[in-house]
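Scroll down for the structure; my scribbles are underneath it.
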Amino acid sequence: VILLLNRWDMLSRSVRSVCKACGGGGQGVTVLTAGQSAAVSRRNASQQQPSEPVETIHTTATTIATPVHFHHSRHNPLILDRWQMNGKLPQPVTSWVESLENVRAPPSGLVTLHPDVFRTPPRIDLLQLAVHWQDTYRVVNWEFYPTRAEMVGGGRKERPQKKTGMARQAGNRAPHWVGGGKTFGPRGPISKYSLPPKQQRALALRSALTVKFQQNNLKFVENLEIPPDQSFLDSVRKERYWGVSSLFIGNEEMEDISDNLRSCLEFSPKLHYLALKEINVRSLMKFASVVISLECIDELEARLLYHKLRYNDDSRFPGTDAVLDHVRQLSK
């Protein structure tokens, strides 16, 4: 036992008397000052001697450090078994799983995430491309200007051909006349619809998920079952600092969600819900935080991995059985 004392003169005798009273007789007790304790720590570190984890007990006069033995298990019970652990592969990404039982409910555990989806190198240029594409692909330019041949009227000659002292004119619907036709004008409706390559759209979505995850704005919950209180989700958002707005993503369609969740979404305009098949880059970038249910993680990873591996097979991560089954179904 090492007794760390800052006041040597006054406490050394009292420490030995305490040890004798406990039955140890004061044998094997080393009393060090703070400077001597630091020197011993540096010497042990230089000799690279393994040290046991210790548990510190704080008292009024002393700080007693006692060794504690932890029993490490092969699988952490808090980590959901979604990953085939392999020592030769890099470890998967993990994140806390939050609970919606009440406003201040502690995290219920950890979830493993696929690194090719939630830890991919972000492509900021593709994020900008995806957001711009979503903003403009539904735009239609309805402007239309007729040419001189499409103008109404103008059949009569404007003035005689000769003896007027002015230039000859065939009609008053020519482009240089006021109210005449327009040359090379817009010929709407013209749609700005375009479709970027599917590989770029999938990579932009994986980049958006990675950016949200690295910014700690991507939350995972067990399910979207909440208490019957229309202000519950708004209180959770404020209590857990989820930002000014939150996007909830689940498997169900908007028509099939629970009544409690629907009432919360109608109560607060800062909350929104999307089905998994409707997830997009613009919505992920628009909302301050994104809350994803654990029920749809396998399908989300499978769809993004399918579009990644269909072009190149350079992934070092095998994924879980559920993810691989989804990928096989999509490949058929």
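We name chains A, B, ... following the order of the structure tokens; residues begin at 1 in each chain, and ligands are numbered from 1 as shown.
Residue neighbourhood of Ala204 of chain A, excluding near-sequence residues (fewer than 5 positions): Pro122, Arg123, Leu126, Leu127, Ala130 and Val281 of chain A, at 8 Å, using only C-alpha atoms.
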Problem set entry | Spatial neighbours of Ala208 of chain A, 10 Å, only C-alpha atoms, chain gap at least 3 places, as a PyMOL selection string | chain A and resi 117-118+120+122-124+126-127+202-205+211-214+280-285
Problem set entry | Test item, alpha helix (DSSP H) assignment across segment 182-317 of chain A, answer as a count of residues only | 53
For this session: Can you work out the spacing between atom CA of Ile292 of chain A and atom CA of Phe220 of chain A in Å, to one decimal?
Result: 5.0 Å
Nearby residues (only C-alpha atoms) at most 7 Å from segment 221-230 of chain A, same-chain spacing under 6 positions excluded, as a PDB file with N, CA, C and O atoms, in the first residue's frame:
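Output contents, as saved in result_32.pdb:
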```
ATOM      1  N   VAL A  97     -26.348   4.146 -27.781  1.00  0.00           N
ATOM      2  CA  VAL A  97     -27.766   3.955 -28.092  1.00  0.00           C
ATOM      3  C   VAL A  97     -28.574   4.623 -26.991  1.00  0.00           C
ATOM      4  O   VAL A  97     -28.487   4.227 -25.821  1.00  0.00           O
ATOM      5  N   GLU A  98     -29.318   5.634 -27.360  1.00  0.00           N
ATOM      6  CA  GLU A  98     -30.089   6.387 -26.380  1.00  0.00           C
ATOM      7  C   GLU A  98     -31.490   5.803 -26.251  1.00  0.00           C
ATOM      8  O   GLU A  98     -32.006   5.145 -27.154  1.00  0.00           O
ATOM      9  N   SER A  99     -32.095   6.084 -25.117  1.00  0.00           N
ATOM     10  CA  SER A  99     -33.428   5.568 -24.815  1.00  0.00           C
ATOM     11  C   SER A  99     -34.425   6.715 -24.781  1.00  0.00           C
ATOM     12  O   SER A  99     -34.102   7.837 -24.354  1.00  0.00           O
ATOM     13  N   LEU A 100     -35.641   6.422 -25.221  1.00  0.00           N
ATOM     14  CA  LEU A 100     -36.718   7.413 -25.223  1.00  0.00           C
ATOM     15  C   LEU A 100     -37.802   7.067 -24.208  1.00  0.00           C
ATOM     16  O   LEU A 100     -38.953   7.451 -24.376  1.00  0.00           O
ATOM     17  N   GLU A 101     -37.413   6.342 -23.147  1.00  0.00           N
ATOM     18  CA  GLU A 101     -38.389   6.007 -22.116  1.00  0.00           C
ATOM     19  C   GLU A 101     -38.815   7.246 -21.351  1.00  0.00           C
ATOM     20  O   GLU A 101     -39.985   7.400 -21.020  1.00  0.00           O
ATOM     21  N   ASN A 260     -48.586   8.668 -30.810  1.00  0.00           N
ATOM     22  CA  ASN A 260     -47.779   9.502 -29.909  1.00  0.00           C
ATOM     23  C   ASN A 260     -46.701  10.252 -30.686  1.00  0.00           C
ATOM     24  O   ASN A 260     -46.465  11.445 -30.454  1.00  0.00           O
ATOM     25  N   LEU A 261     -46.036   9.561 -31.619  1.00  0.00           N
ATOM     26  CA  LEU A 261     -45.018  10.225 -32.428  1.00  0.00           C
ATOM     27  C   LEU A 261     -45.634  11.257 -33.343  1.00  0.00           C
ATOM     28  O   LEU A 261     -45.076  12.350 -33.538  1.00  0.00           O
ATOM     29  N   SER A 263     -48.342  13.048 -32.821  1.00  0.00           N
ATOM     30  CA  SER A 263     -48.738  14.229 -32.042  1.00  0.00           C
ATOM     31  C   SER A 263     -47.531  15.099 -31.700  1.00  0.00           C
ATOM     32  O   SER A 263     -47.621  16.329 -31.692  1.00  0.00           O
ATOM     33  N   CYS A 264     -46.377  14.463 -31.416  1.00  0.00           N
ATOM     34  CA  CYS A 264     -45.171  15.241 -31.132  1.00  0.00           C
ATOM     35  C   CYS A 264     -44.695  15.997 -32.367  1.00  0.00           C
ATOM     36  O   CYS A 264     -44.254  17.142 -32.273  1.00  0.00           O
ATOM     37  N   PHE A 267     -46.941  18.918 -32.890  1.00  0.00           N
ATOM     38  CA  PHE A 267     -46.830  19.935 -31.845  1.00  0.00           C
ATOM     39  C   PHE A 267     -45.655  20.873 -32.083  1.00  0.00           C
ATOM     40  O   PHE A 267     -45.767  22.079 -31.878  1.00  0.00           O
ATOM     41  N   VAL A 291     -31.774  11.522 -35.844  1.00  0.00           N
ATOM     42  CA  VAL A 291     -32.039  10.424 -34.915  1.00  0.00           C
ATOM     43  C   VAL A 291     -32.496   9.229 -35.745  1.00  0.00           C
ATOM     44  O   VAL A 291     -33.517   9.297 -36.426  1.00  0.00           O
ATOM     45  N   ILE A 292     -31.737   8.130 -35.685  1.00  0.00           N
ATOM     46  CA  ILE A 292     -32.017   6.940 -36.479  1.00  0.00           C
ATOM     47  C   ILE A 292     -32.387   5.797 -35.544  1.00  0.00           C
ATOM     48  O   ILE A 292     -31.720   5.554 -34.535  1.00  0.00           O
ATOM     49  N   SER A 293     -33.436   5.087 -35.892  1.00  0.00           N
ATOM     50  CA  SER A 293     -33.850   3.917 -35.126  1.00  0.00           C
ATOM     51  C   SER A 293     -32.973   2.725 -35.484  1.00  0.00           C
ATOM     52  O   SER A 293     -32.546   2.560 -36.636  1.00  0.00           O
ATOM     53  N   LEU A 294     -32.716   1.867 -34.485  1.00  0.00           N
ATOM     54  CA  LEU A 294     -31.891   0.689 -34.718  1.00  0.00           C
ATOM     55  C   LEU A 294     -32.543  -0.295 -35.687  1.00  0.00           C
ATOM     56  O   LEU A 294     -31.862  -1.138 -36.269  1.00  0.00           O
TER      57      LEU A 294
END
```
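Among the candidate residues A:Ser246, A:Asn172, A:Gln134, A:Thr210, the one lying nearest to Arg156 of chain A is A:Asn172, with distances computed using only C-alpha atoms.
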For this session: Would you return as a list in words the members of segment 133-289 of chain A that DSSP assigns to strand (DSSP E or B) on this structure's backbone?
Result: Val140, Asn141, Phe144, Arg187, Ile190, Ser191, Leu218, Lys219, Phe220, Val221, Ser246, Leu247, Phe248, Ile249, Gly250, Leu271, His272, Tyr273, Leu274, Ala275 and Ser289 of chain A
Exercise. Which is closest to Ile297 of chain A among A:Val111, A:Leu309, A:Leu129, A:Ala105, if we use only C-alpha atoms?
Worked result: A:Val111
For this session: Pick out the residues sitting within 12 Å of segment 269-279 of chain A, and hand them over as a PyMOL selection string; count only C-alpha atoms, and ignore anything fewer than 5 positions along from it in its own chain.
Result: chain A and resi 201-202+204-206+208-209+224+230-238+242-258+261-264+284-301+303-304
Mind dumping the selected residues with C-alpha atoms as a short mmCIF file (atom, residue, chain, number, x, y, z; two decimals), in the first residue's frame?
```
data_model
loop_
_atom_site.label_atom_id
_atom_site.label_comp_id
_atom_site.auth_asym_id
_atom_site.auth_seq_id
_atom_site.Cartn_x
_atom_site.Cartn_y
_atom_site.Cartn_z
CA ARG A 201 -25.21 10.03 -55.03
CA ALA A 202 -24.44 7.02 -52.81
CA ALA A 204 -22.57 11.78 -51.07
CA LEU A 205 -25.05 10.09 -48.75
CA ARG A 206 -22.28 8.15 -47.01
CA ALA A 208 -23.28 13.13 -45.11
CA LEU A 209 -23.71 10.33 -42.56
CA LEU A 224 -39.44 5.40 -31.75
CA GLN A 230 -47.04 15.81 -27.33
CA SER A 231 -44.17 17.90 -25.91
CA PHE A 232 -41.99 14.88 -25.03
CA LEU A 233 -39.66 14.94 -28.06
CA ASP A 234 -39.27 18.69 -27.87
CA SER A 235 -38.25 18.35 -24.20
CA VAL A 236 -35.80 15.58 -25.11
CA ARG A 237 -34.27 17.74 -27.82
CA LYS A 238 -33.68 20.61 -25.40
CA TRP A 242 -29.85 17.92 -29.98
CA GLY A 243 -29.79 21.33 -31.63
CA VAL A 244 -32.50 23.63 -32.91
CA SER A 245 -34.11 20.94 -35.11
CA SER A 246 -34.17 17.16 -35.31
CA LEU A 247 -34.90 14.63 -38.05
CA PHE A 248 -36.22 11.19 -37.07
CA ILE A 249 -35.70 8.25 -39.43
CA GLY A 250 -37.54 4.95 -39.14
CA ASN A 251 -38.82 2.03 -41.18
CA GLU A 252 -42.51 2.97 -41.15
CA GLU A 253 -44.19 5.29 -43.58
CA MET A 254 -45.57 8.58 -42.34
CA GLU A 255 -49.10 7.14 -42.38
CA ASP A 256 -48.08 4.13 -40.25
CA ILE A 257 -46.24 5.82 -37.37
CA SER A 258 -47.66 5.73 -33.86
CA LEU A 261 -45.02 10.22 -32.43
CA ARG A 262 -47.45 11.92 -34.79
CA SER A 263 -48.74 14.23 -32.04
CA CYS A 264 -45.17 15.24 -31.13
CA LEU A 284 -29.36 15.34 -43.41
CA MET A 285 -27.62 18.69 -43.93
CA LYS A 286 -30.68 20.80 -43.15
CA PHE A 287 -31.46 19.50 -39.65
CA ALA A 288 -29.13 20.05 -36.73
CA SER A 289 -29.38 16.47 -35.47
CA VAL A 290 -30.48 13.19 -37.04
CA VAL A 291 -32.04 10.42 -34.92
CA ILE A 292 -32.02 6.94 -36.48
CA SER A 293 -33.85 3.92 -35.13
CA LEU A 294 -31.89 0.69 -34.72
CA GLU A 295 -34.55 -1.13 -36.74
CA CYS A 296 -33.37 0.38 -40.02
CA ILE A 297 -29.57 0.36 -39.61
CA ASP A 298 -29.08 -3.00 -41.34
CA GLU A 299 -31.07 -2.00 -44.41
CA LEU A 300 -29.42 1.43 -44.54
CA GLU A 301 -25.93 -0.07 -44.46
CA ARG A 303 -28.20 -0.37 -49.57
CA LEU A 304 -25.18 1.92 -49.33
#
```
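Going from atom CA of Tyr193 of chain A over to atom CA of Asn141 of chain A, you cover 10.8 Å.
Nearest residue to Tyr306 of chain A, choosing from A:Pro196, A:Ser191, A:Trp133, A:Asp325 and counting only C-alpha atoms: A:Asp325.
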For this session: Find the spatial neighbours of Gly155 of chain A, counting only C-alpha atoms, within a cut-off of 12 Å - ignore same-chain residues fewer than 6 positions away - and output them as a VMD selection string.
Result: chain A and resid 148 to 149 169 to 174
